[in-house]
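Structure file query-v2.cif (mmCIF, C-alpha atoms and all ligand atoms) is printed below.
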data_input
loop_
_atom_site.label_atom_id
_atom_site.label_comp_id
_atom_site.auth_asym_id
_atom_site.auth_seq_id
_atom_site.Cartn_x
_atom_site.Cartn_y
_atom_site.Cartn_z
CA MET A 19 0.00 0.00 0.00
CA ARG A 20 1.08 3.54 -0.68
CA VAL A 21 0.64 5.21 2.69
CA LEU A 22 0.67 8.90 3.53
CA THR A 23 2.23 9.11 7.01
CA THR A 24 1.58 12.50 8.56
CA GLY A 25 4.12 13.25 11.29
CA GLY A 26 6.30 10.50 9.83
CA ALA A 27 9.51 12.31 10.80
CA GLY A 28 8.57 12.15 14.50
CA TYR A 29 9.42 9.58 17.12
CA ILE A 30 6.74 6.95 16.50
CA GLY A 31 6.28 7.91 12.85
CA SER A 32 9.93 7.36 11.93
CA HIS A 33 9.95 3.85 13.43
CA THR A 34 6.65 3.05 11.72
CA VAL A 35 7.86 4.28 8.33
CA LEU A 36 10.75 1.85 8.60
CA ALA A 37 8.40 -0.99 9.62
CA LEU A 38 6.15 -0.16 6.65
CA VAL A 39 9.06 -0.43 4.22
CA GLU A 40 10.15 -3.70 5.83
CA ALA A 41 6.59 -5.03 5.37
CA GLY A 42 6.65 -4.15 1.67
CA HIS A 43 4.59 -0.95 1.79
CA GLU A 44 5.43 2.43 0.33
CA PRO A 45 5.27 5.18 2.96
CA VAL A 46 5.34 8.86 2.05
CA ILE A 47 6.16 11.23 4.90
CA LEU A 48 4.30 14.51 5.37
CA ASP A 49 5.78 16.66 8.14
CA ASN A 50 6.36 20.31 8.94
CA PHE A 51 9.24 19.51 11.34
CA ALA A 52 7.48 21.36 14.15
CA ASN A 53 8.87 18.75 16.55
CA SER A 54 11.29 16.72 14.45
CA SER A 55 14.25 16.92 12.16
CA PRO A 56 14.93 16.12 8.48
CA GLU A 57 17.90 14.15 9.81
CA ALA A 58 15.44 11.55 11.11
CA VAL A 59 14.09 11.06 7.59
CA ARG A 60 17.62 10.77 6.21
CA ARG A 61 18.43 8.07 8.74
CA VAL A 62 15.22 6.15 8.12
CA SER A 63 16.08 6.16 4.41
CA GLU A 64 19.53 4.85 5.26
CA LEU A 65 18.06 2.04 7.43
CA ALA A 66 15.41 1.25 4.81
CA GLY A 67 18.01 1.09 2.06
CA ARG A 68 16.06 3.48 -0.12
CA GLU A 69 15.04 7.11 -0.29
CA ILE A 70 11.77 7.75 1.57
CA GLU A 71 9.55 10.25 -0.19
CA LEU A 72 9.17 13.38 1.92
CA ILE A 73 6.67 16.21 1.60
CA GLU A 74 7.36 19.20 3.83
CA ALA A 75 3.95 20.71 4.58
CA ASP A 76 1.75 21.90 7.42
CA LEU A 77 -1.57 20.10 7.88
CA LEU A 78 -3.08 23.44 8.86
CA ASP A 79 -2.58 24.56 5.27
CA ALA A 80 -5.82 23.17 3.84
CA PRO A 81 -5.15 23.92 0.14
CA ALA A 82 -1.72 22.26 0.36
CA VAL A 83 -3.21 19.19 2.06
CA ASP A 84 -5.89 18.98 -0.60
CA ARG A 85 -3.29 19.06 -3.37
CA ILE A 86 -1.09 16.47 -1.67
CA VAL A 87 -3.96 14.01 -1.25
CA ALA A 88 -5.33 14.74 -4.74
CA ASP A 89 -1.98 14.02 -6.39
CA GLY A 90 -0.62 11.32 -4.09
CA ASN A 91 -2.44 8.20 -5.26
CA PHE A 92 -2.57 6.98 -1.66
CA ASP A 93 -4.26 3.79 -0.53
CA ALA A 94 -4.24 4.78 3.12
CA VAL A 95 -3.18 7.39 5.64
CA ILE A 96 -1.51 6.94 9.02
CA HIS A 97 -2.11 10.12 10.95
CA PHE A 98 0.56 10.76 13.60
CA ALA A 99 0.97 14.51 13.23
CA GLY A 100 -0.01 16.59 16.20
CA LEU A 101 1.15 18.27 19.38
CA LYS A 102 1.48 16.02 22.40
CA ALA A 103 2.66 17.78 25.56
CA VAL A 104 0.01 17.52 28.27
CA GLY A 105 1.25 20.46 30.37
CA GLU A 106 1.64 22.72 27.36
CA SER A 107 -1.89 21.82 26.26
CA ALA A 108 -3.27 23.17 29.53
CA ALA A 109 -1.36 26.43 29.06
CA GLN A 110 -2.23 26.79 25.35
CA PRO A 111 -5.55 25.00 24.79
CA LEU A 112 -6.51 26.91 21.64
CA ARG A 113 -3.21 26.09 19.99
CA TYR A 114 -3.74 22.43 20.80
CA TYR A 115 -7.35 22.33 19.61
CA ARG A 116 -6.36 24.14 16.43
CA SER A 117 -3.25 22.10 15.72
CA ASN A 118 -4.71 18.71 16.45
CA ILE A 119 -8.35 19.05 15.45
CA LEU A 120 -8.23 21.52 12.57
CA SER A 121 -5.34 19.69 10.94
CA THR A 122 -7.27 16.43 11.20
CA LEU A 123 -10.34 18.06 9.63
CA ASN A 124 -8.22 19.33 6.74
CA LEU A 125 -6.83 15.85 6.22
CA LEU A 126 -10.23 14.13 6.40
CA ASP A 127 -11.79 16.69 4.05
CA ALA A 128 -9.12 15.98 1.46
CA MET A 129 -9.44 12.23 1.94
CA GLN A 130 -13.20 12.35 1.54
CA LYS A 131 -12.96 14.53 -1.54
CA HIS A 132 -10.34 12.37 -3.25
CA GLY A 133 -11.67 8.96 -2.25
CA VAL A 134 -9.07 7.80 0.28
CA ARG A 135 -11.09 5.94 2.91
CA ASN A 136 -8.49 4.04 4.94
CA VAL A 137 -7.00 5.74 7.96
CA VAL A 138 -5.11 4.74 11.09
CA PHE A 139 -5.13 7.39 13.79
CA SER A 140 -2.69 7.90 16.70
CA SER A 141 -4.88 8.05 19.75
CA SER A 142 -3.76 7.57 23.32
CA ALA A 143 -4.63 5.72 26.50
CA THR A 144 -5.09 9.18 27.93
CA VAL A 145 -8.60 9.21 26.37
CA TYR A 146 -9.77 6.89 29.17
CA GLY A 147 -8.86 9.32 31.95
CA GLU A 148 -9.97 8.31 35.40
CA ALA A 149 -11.73 5.08 34.52
CA GLY A 150 -12.34 3.60 37.97
CA THR A 151 -10.25 0.59 37.03
CA VAL A 152 -6.53 0.10 36.30
CA GLN A 153 -6.71 -2.25 33.31
CA TYR A 154 -8.29 -0.49 30.37
CA THR A 155 -10.49 -2.24 27.81
CA GLU A 156 -11.67 -0.50 24.67
CA GLU A 157 -15.34 -0.36 25.77
CA LEU A 158 -14.63 1.96 28.71
CA PRO A 159 -16.24 5.37 28.30
CA LEU A 160 -13.88 8.12 27.16
CA ASN A 161 -13.09 10.62 29.86
CA ALA A 162 -9.95 12.58 28.95
CA MET A 163 -8.76 14.89 31.71
CA ASN A 164 -6.66 17.55 29.93
CA PRO A 165 -6.87 19.52 26.66
CA TYR A 166 -4.35 17.27 24.87
CA GLY A 167 -6.36 14.19 25.82
CA ARG A 168 -9.57 15.91 24.82
CA THR A 169 -8.20 16.65 21.35
CA LYS A 170 -7.62 12.88 20.97
CA MET A 171 -11.07 12.09 22.34
CA HIS A 172 -12.79 14.60 20.05
CA ILE A 173 -10.88 13.36 17.01
CA GLU A 174 -11.97 9.81 17.83
CA GLN A 175 -15.58 11.05 17.95
CA ILE A 176 -15.16 12.92 14.66
CA LEU A 177 -13.83 9.74 13.07
CA ASP A 178 -16.82 7.77 14.42
CA ASP A 179 -19.26 10.37 13.09
CA LEU A 180 -17.58 10.36 9.70
CA ALA A 181 -17.65 6.56 9.53
CA ALA A 182 -21.37 6.61 10.41
CA SER A 183 -22.19 9.28 7.85
CA GLU A 184 -21.39 7.24 4.74
CA PRO A 185 -20.32 3.70 3.94
CA GLY A 186 -16.85 2.80 2.79
CA TRP A 187 -14.65 4.16 5.58
CA HIS A 188 -12.13 1.88 7.28
CA ILE A 189 -10.82 3.64 10.37
CA GLY A 190 -8.45 2.29 13.03
CA LYS A 191 -8.00 4.24 16.25
CA LEU A 192 -4.87 3.11 18.04
CA ARG A 193 -4.75 3.89 21.75
CA TYR A 194 -1.08 3.81 22.63
CA PHE A 195 0.02 3.24 26.18
CA ASN A 196 3.55 4.51 26.99
CA PRO A 197 5.87 4.29 23.96
CA VAL A 198 9.58 4.16 24.85
CA GLY A 199 12.86 2.78 23.50
CA ALA A 200 14.42 3.12 20.10
CA HIS A 201 15.39 1.18 17.00
CA PRO A 202 18.13 -1.33 17.99
CA SER A 203 20.51 0.22 15.45
CA GLY A 204 20.73 3.34 17.62
CA ARG A 205 20.22 5.45 14.48
CA ILE A 206 16.68 6.65 15.24
CA GLY A 207 15.00 7.35 18.56
CA GLU A 208 13.16 9.88 20.67
CA ASP A 209 14.60 13.39 20.57
CA PRO A 210 12.50 15.66 22.78
CA ARG A 211 13.04 19.39 22.56
CA GLY A 212 13.82 21.10 25.85
CA ILE A 213 13.29 19.37 29.16
CA PRO A 214 11.67 15.96 28.59
CA ASN A 215 8.14 15.59 29.96
CA ASN A 216 8.22 11.82 29.97
CA LEU A 217 10.00 9.41 32.24
CA MET A 218 12.23 7.33 29.95
CA PRO A 219 13.75 10.24 27.98
CA PHE A 220 14.40 12.05 31.24
CA VAL A 221 16.11 9.00 32.73
CA SER A 222 18.16 8.64 29.52
CA GLN A 223 19.36 12.22 29.80
CA VAL A 224 20.33 11.71 33.44
CA ALA A 225 22.27 8.58 32.44
CA VAL A 226 24.15 10.42 29.71
CA GLY A 227 24.98 13.32 32.02
CA ARG A 228 22.71 16.00 30.55
CA ARG A 229 20.66 16.20 33.79
CA GLU A 230 21.77 15.80 37.38
CA HIS A 231 18.97 13.67 38.74
CA LEU A 232 15.48 12.38 38.09
CA ASN A 233 12.53 13.73 40.04
CA VAL A 234 10.30 10.83 40.97
CA PHE A 235 6.84 12.36 41.05
CA GLY A 236 5.40 10.82 44.19
CA ASP A 237 6.27 7.69 46.14
CA ASP A 238 3.07 7.45 48.17
CA TYR A 239 0.67 6.12 45.54
CA PRO A 240 -1.30 2.96 46.33
CA THR A 241 1.05 0.85 44.18
CA PRO A 242 3.52 -1.87 45.25
CA ASP A 243 6.49 0.50 45.67
CA GLY A 244 4.48 3.73 45.93
CA THR A 245 5.53 5.12 42.52
CA GLY A 246 3.35 5.46 39.42
CA VAL A 247 2.69 2.38 37.32
CA ARG A 248 2.39 2.48 33.52
CA ASP A 249 2.32 0.09 30.57
CA TYR A 250 5.54 0.77 28.65
CA ILE A 251 5.66 -0.41 25.05
CA HIS A 252 8.77 -0.66 22.90
CA VAL A 253 8.44 1.70 19.93
CA VAL A 254 9.44 -1.08 17.52
CA ASP A 255 6.54 -3.21 18.81
CA LEU A 256 4.30 -0.16 18.47
CA ALA A 257 5.46 0.37 14.89
CA GLY A 258 4.56 -3.25 14.13
CA GLY A 259 1.10 -2.57 15.58
CA HIS A 260 0.56 0.09 12.93
CA VAL A 261 1.45 -2.29 10.13
CA ALA A 262 -0.91 -4.87 11.62
CA ALA A 263 -3.71 -2.31 11.94
CA LEU A 264 -3.21 -1.05 8.39
CA GLU A 265 -3.39 -4.59 7.06
CA ALA A 266 -6.53 -5.33 9.12
CA LEU A 267 -8.41 -2.21 7.99
CA GLY A 268 -10.12 -4.09 5.19
CA ASP A 269 -12.09 -6.05 7.82
CA VAL A 270 -13.22 -2.90 9.63
CA ARG A 271 -16.63 -1.55 8.69
CA GLY A 272 -16.59 2.04 9.92
CA SER A 273 -14.28 2.65 12.85
CA ARG A 274 -12.64 0.49 15.49
CA ALA A 275 -10.40 1.21 18.49
CA TRP A 276 -7.52 -1.00 19.61
CA ASN A 277 -5.31 -0.67 22.67
CA LEU A 278 -1.63 -1.03 21.89
CA GLY A 279 0.12 -2.00 25.10
CA SER A 280 1.70 -5.01 26.75
CA GLY A 281 -0.89 -5.60 29.47
CA GLN A 282 1.86 -5.27 32.11
CA GLY A 283 2.49 -2.36 34.44
CA SER A 284 5.94 -1.20 35.57
CA SER A 285 6.65 1.34 38.29
CA VAL A 286 8.89 4.40 38.01
CA LEU A 287 11.50 2.69 40.19
CA GLU A 288 11.37 -0.47 38.04
CA VAL A 289 12.10 1.69 35.00
CA VAL A 290 15.01 3.32 36.85
CA ARG A 291 16.43 -0.10 37.83
CA ALA A 292 16.11 -1.45 34.29
CA PHE A 293 17.92 1.60 32.97
CA GLU A 294 20.68 1.24 35.53
CA ARG A 295 21.20 -2.34 34.38
CA ALA A 296 21.26 -1.28 30.72
CA ALA A 297 23.61 1.67 31.19
CA GLY A 298 25.75 0.07 33.88
CA ARG A 299 25.65 3.21 35.99
CA PRO A 300 23.48 4.60 38.77
CA ILE A 301 20.57 6.95 38.00
CA PRO A 302 20.43 9.48 40.85
CA TYR A 303 16.89 10.46 41.81
CA VAL A 304 15.03 12.44 44.41
CA VAL A 305 11.44 11.97 45.43
CA ALA A 306 9.42 15.04 44.45
CA PRO A 307 5.73 15.92 44.93
CA ARG A 308 3.13 14.21 42.76
CA ARG A 309 2.65 15.74 39.31
CA ASP A 310 -0.79 17.32 38.79
CA GLY A 311 -3.17 15.12 36.86
CA ASP A 312 -1.12 11.89 37.14
CA LEU A 313 -3.02 8.69 37.81
CA PRO A 314 -1.47 6.13 40.20
CA GLU A 315 -1.66 3.18 37.84
CA PHE A 316 -3.01 2.02 34.50
CA PHE A 317 -2.18 -0.53 31.86
CA ALA A 318 -3.75 -2.02 28.78
CA ASP A 319 -5.96 -4.97 28.22
CA PRO A 320 -4.38 -5.85 24.86
CA THR A 321 -6.71 -8.80 24.09
CA LEU A 322 -8.60 -7.13 21.25
CA ALA A 323 -5.42 -6.27 19.31
CA ARG A 324 -4.21 -9.83 19.79
CA LEU A 325 -7.45 -11.30 18.45
CA GLU A 326 -8.17 -8.84 15.65
CA LEU A 327 -4.73 -7.59 14.61
CA HIS A 328 -2.85 -10.80 15.46
CA TRP A 329 -0.36 -8.55 17.18
CA LYS A 330 1.23 -8.48 20.61
CA THR A 331 4.29 -6.93 22.19
CA GLU A 332 7.49 -8.95 22.08
CA ARG A 333 9.96 -6.72 23.87
CA GLY A 334 10.22 -6.24 27.63
CA LEU A 335 11.41 -3.46 29.91
CA ASP A 336 15.07 -4.52 29.69
CA ASP A 337 14.92 -4.37 25.86
CA MET A 338 13.33 -0.92 26.06
CA ALA A 339 16.03 0.35 28.44
CA ARG A 340 18.83 -1.23 26.40
CA ASP A 341 17.65 0.30 23.13
CA ALA A 342 16.89 3.69 24.70
CA TRP A 343 20.39 3.73 26.20
CA ASN A 344 22.00 2.60 22.93
CA TRP A 345 20.29 5.50 21.13
CA GLN A 346 21.02 8.06 23.85
CA SER A 347 24.67 7.08 24.31
CA LYS A 348 25.34 7.15 20.57
CA ASN A 349 23.40 10.41 20.11
CA PRO A 350 23.72 12.34 23.38
CA PHE A 351 21.96 15.34 21.79
CA GLY A 352 19.55 13.37 19.64
CA TYR A 353 19.65 14.47 16.01
CA GLY A 354 21.40 17.71 16.95
CA THR A 355 24.80 18.65 18.27
CA GLY A 356 23.78 20.26 21.55
CA GLU A 357 24.56 23.70 20.15
CA GLU A 358 21.03 24.42 18.89
CA ASP A 359 19.21 24.92 22.17
CA PRO A 360 21.44 25.76 25.12
CA GLU A 361 18.39 25.69 27.42
CA ALA A 362 17.76 22.04 26.59
P1 LIG B 1 6.39 13.59 17.64
O1 LIG B 1 6.20 14.99 18.10
O2 LIG B 1 7.75 13.01 17.68
O3 LIG B 1 5.80 13.41 16.17
C1 LIG B 1 4.74 14.20 15.68
C2 LIG B 1 5.17 14.72 14.32
O4 LIG B 1 4.11 15.51 13.77
C3 LIG B 1 6.41 15.62 14.38
O5 LIG B 1 7.36 15.17 13.43
C4 LIG B 1 5.89 17.00 14.05
O6 LIG B 1 6.85 17.79 13.37
C5 LIG B 1 4.69 16.66 13.16
N1 LIG B 1 3.66 17.70 13.13
C6 LIG B 1 3.07 18.31 14.19
N2 LIG B 1 2.16 19.21 13.76
C7 LIG B 1 2.15 19.14 12.40
C8 LIG B 1 1.43 19.82 11.38
N3 LIG B 1 0.52 20.75 11.68
N4 LIG B 1 1.67 19.50 10.10
C9 LIG B 1 2.60 18.55 9.77
N5 LIG B 1 3.32 17.90 10.70
C10 LIG B 1 3.10 18.18 11.99
O7 LIG B 1 5.38 12.69 18.53
P2 LIG B 1 5.27 11.11 18.64
O8 LIG B 1 5.67 10.75 20.02
O9 LIG B 1 5.90 10.44 17.50
O10 LIG B 1 3.70 10.96 18.57
C11 LIG B 1 3.01 10.70 17.37
C12 LIG B 1 1.52 10.69 17.64
O11 LIG B 1 1.21 9.74 18.65
C13 LIG B 1 0.98 12.03 18.15
O12 LIG B 1 -0.29 12.24 17.58
C14 LIG B 1 0.85 11.80 19.64
O13 LIG B 1 -0.14 12.62 20.19
C15 LIG B 1 0.48 10.34 19.69
N6 LIG B 1 0.82 9.69 20.97
C16 LIG B 1 2.11 9.76 21.42
C17 LIG B 1 2.44 9.19 22.65
C18 LIG B 1 3.84 9.29 23.20
O14 LIG B 1 4.01 9.08 24.41
N7 LIG B 1 4.86 9.54 22.39
C19 LIG B 1 1.45 8.51 23.41
C20 LIG B 1 0.16 8.44 22.89
C21 LIG B 1 -0.15 9.03 21.67
N1 LIG B 2 7.50 10.49 36.04
C1 LIG B 2 8.42 10.82 37.03
N2 LIG B 2 9.38 11.75 36.73
C2 LIG B 2 9.46 12.35 35.49
C3 LIG B 2 8.53 11.99 34.49
C4 LIG B 2 7.55 11.06 34.81
O1 LIG B 2 8.37 10.30 38.14
O2 LIG B 2 10.35 13.19 35.29
C5 LIG B 2 6.48 9.45 36.34
C6 LIG B 2 5.04 9.94 36.21
O3 LIG B 2 4.59 10.50 37.40
C7 LIG B 2 4.32 8.64 35.82
C8 LIG B 2 5.37 7.86 35.04
O4 LIG B 2 6.63 8.43 35.40
O5 LIG B 2 4.02 7.90 36.98
C9 LIG B 2 5.20 7.96 33.54
O6 LIG B 2 5.13 9.35 33.18
P1 LIG B 2 5.20 9.82 31.64
O7 LIG B 2 5.15 11.31 31.65
O8 LIG B 2 6.34 9.17 30.98
O9 LIG B 2 3.91 9.18 31.01
P2 LIG B 2 2.35 9.45 31.35
O10 LIG B 2 1.74 8.12 31.59
O11 LIG B 2 2.18 10.47 32.38
O12 LIG B 2 1.85 10.10 29.99
C10 LIG B 2 2.10 9.46 28.75
C11 LIG B 2 2.15 10.50 27.63
C12 LIG B 2 0.80 11.06 27.37
C13 LIG B 2 -0.17 9.97 27.16
C14 LIG B 2 -0.17 9.06 28.36
C15 LIG B 2 -1.15 7.94 28.24
O13 LIG B 2 3.01 11.55 27.97
O14 LIG B 2 0.86 11.82 26.19
O15 LIG B 2 1.12 8.53 28.52
O16 LIG B 2 -0.84 7.14 27.15
F1 LIG B 2 -1.39 10.51 26.99
#

Mind converting the file's structure to structure tokens?
Ligand code: NAD
Ligand code: UFG
Amino acid sequence: MRVLTTGGAGYIGSHTVLALVEAGHEPVILDNFANSSPEAVRRVSELAGREIELIEADLLDAPAVDRIVADGNFDAVIHFAGLKAVGESAAQPLRYYRSNILSTLNLLDAMQKHGVRNVVFSSSATVYGEAGTVQYTEELPLNAMNPYGRTKMHIEQILDDLAASEPGWHIGKLRYFNPVGAHPSGRIGEDPRGIPNNLMPFVSQVAVGRREHLNVFGDDYPTPDGTGVRDYIHVVDLAGGHVAALEALGDVRGSRAWNLGSGQGSSVLEVVRAFERAAGRPIPYVVAPRRDGDLPEFFADPTLARLELHWKTERGLDDMARDAWNWQSKNPFGYGTGEEDPEA
């Protein structure tokens, strides 16, 4: 399939583009590099052994999106592009609603107009919010608790409404749990700008000496060791989930949500220990107050993806830590040199 991958230069997109090539598909990247680098695309091409087609464009530019979809001869779209920082979304809600929702509307308009009816969308476990249970199944009501999460929830609803409005749509909504790790080559990985919001990239930067210590946000949660528990998923497993979803779309009438997670929770301190084993050095940390809006514990029920996508995770926490460390130690400043953003 010839697949338009919006946000394909980003963290999850770049790994998925490679997985698509490996599965015999033909991905085309659309990205505006708002949170990524052309170097990522160059390296994916190098790993794939062929030049990946790249279109530099902003999804907020509706006429450009229309032209790209009209001319692209695409069989399907994987829609990664969007903004994703929870804290920033609370400070700048309009920017998040505009960036995430308006860009999706532009894309769907163009797809509808030009007869592309297959789409896989990057949703998030954050759509469940406070669910009253720790293991999330797809039937739980959506209850996102911050503007970022609400953009994902609203886009899911828009996709459902679109699917219900006319026959012929095949829509997969992938609810990712906590993507971490990197390609085992150490050539592509996660390259957050500024201070990382998420645990594993922060730990990686402590290990490589860019930060002094980790702040563990709370050690008095009702969890086995008191720290937050999440379902970490290796980004290469996650990339494989996209290929599986794309290939299963033909069986979807309308829209369908799948959790992509391992079904296993790990605590903050378990992540720290795994990273210490991988890097062979201690990760200094201090216990800090809880972070606003954090839930104590949640993880996926991945049964539906196993049954319908014939997909499950294969890599564990030690693989995630090993590959994250391999990437971070080979690229201490990600795709840059460390000169670009002295604040980072
Ligand atoms: P990322 O920031 O690395 O990738 C997103 C890409 O989209 C970037 O390359 C960025 O430049 C591009 N982009 C943003 N706005 C754009 C626009 N208007 N036009 C064109 N390109 C644009 O993020 P990621 O971690 O790879 O996440 C990919 C998707 O998965 C996002 O939608 C994110 O919300 C979702 N998601 C991520 C996580 C996570 O923890 N990483 C968890 C759940 C869901
Ligand atoms: N944590 C720390 N210190 C840090 C960063 C995180 O102790 O510096 C803790 C958090 O409190 C939490 C755990 O590590 O217990 C994981 O935190 P992350 O920020 O890595 O991940 P979250 O589960 O909070 O959020 C992530 C993504 C969201 C997504 C959500 C659900 O950032 O975009 O998973 O899928 F919506």

Local residues around (13.9, 12.6, 37.2), at most 7 Å away, using only C-alpha atoms, as an mmCIF file with C-alpha atoms, in the frame of the given file:
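Written file, out10.cif:
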data_model
loop_
_atom_site.group_PDB
_atom_site.id
_atom_site.type_symbol
_atom_site.label_atom_id
_atom_site.label_comp_id
_atom_site.auth_asym_id
_atom_site.auth_seq_id
_atom_site.Cartn_x
_atom_site.Cartn_y
_atom_site.Cartn_z
ATOM 1 C CA PHE A 220 14.400 12.050 31.240
ATOM 2 C CA VAL A 221 16.110 9.000 32.730
ATOM 3 C CA HIS A 231 18.970 13.670 38.740
ATOM 4 C CA LEU A 232 15.480 12.380 38.090
ATOM 5 C CA ASN A 233 12.530 13.730 40.040
ATOM 6 C CA VAL A 234 10.300 10.830 40.970
ATOM 7 C CA TYR A 303 16.890 10.460 41.810
#

Here is a test: counting all atoms listed in the file, which residue of A:Pro165, A:Gly279, A:Pro350, A:Gly190 is nearest to Val104 (chain A)?
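Ranked by minimum distance to Val104 (chain A), first place goes to A:Pro165.
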
Step by step, measure atom-to-atom distances between ligand LIG 2 (chain B) and each residue using only C-alpha atoms and all ligand atoms, keep those at most 7 Å, then write them as a VMD selection string.
chain A and resid 102 to 104 142 to 144 167 194 to 196 215 to 218 220 232 to 236 245 to 248 286 308 to 309 312 314

Atom pair CA of Asn91 (chain A) + CA of Gly268 (chain A), distance 17.9 Å

For a cutoff of 12 Å around the file-coordinate point (-12.8, 3.5, 8.5), which residues qualify once you count all atoms listed in the file? I'd like the result as an MDAnalysis selection string.
chainID A and resid 94:96 126 129:130 134:139 174 176:191 263:264 266:275

Can you measure CA of Gly105 (chain A) to CA of Arg340 (chain A) for me? One decimal in Å is fine.
28.2 Å

So which one's closest to Val83 (chain A), A:Ala128, A:Leu112, A:Ile47, A:Val290? Using only C-alpha atoms, please.
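For Val83 (chain A), the nearest of the given residues is A:Ala128.
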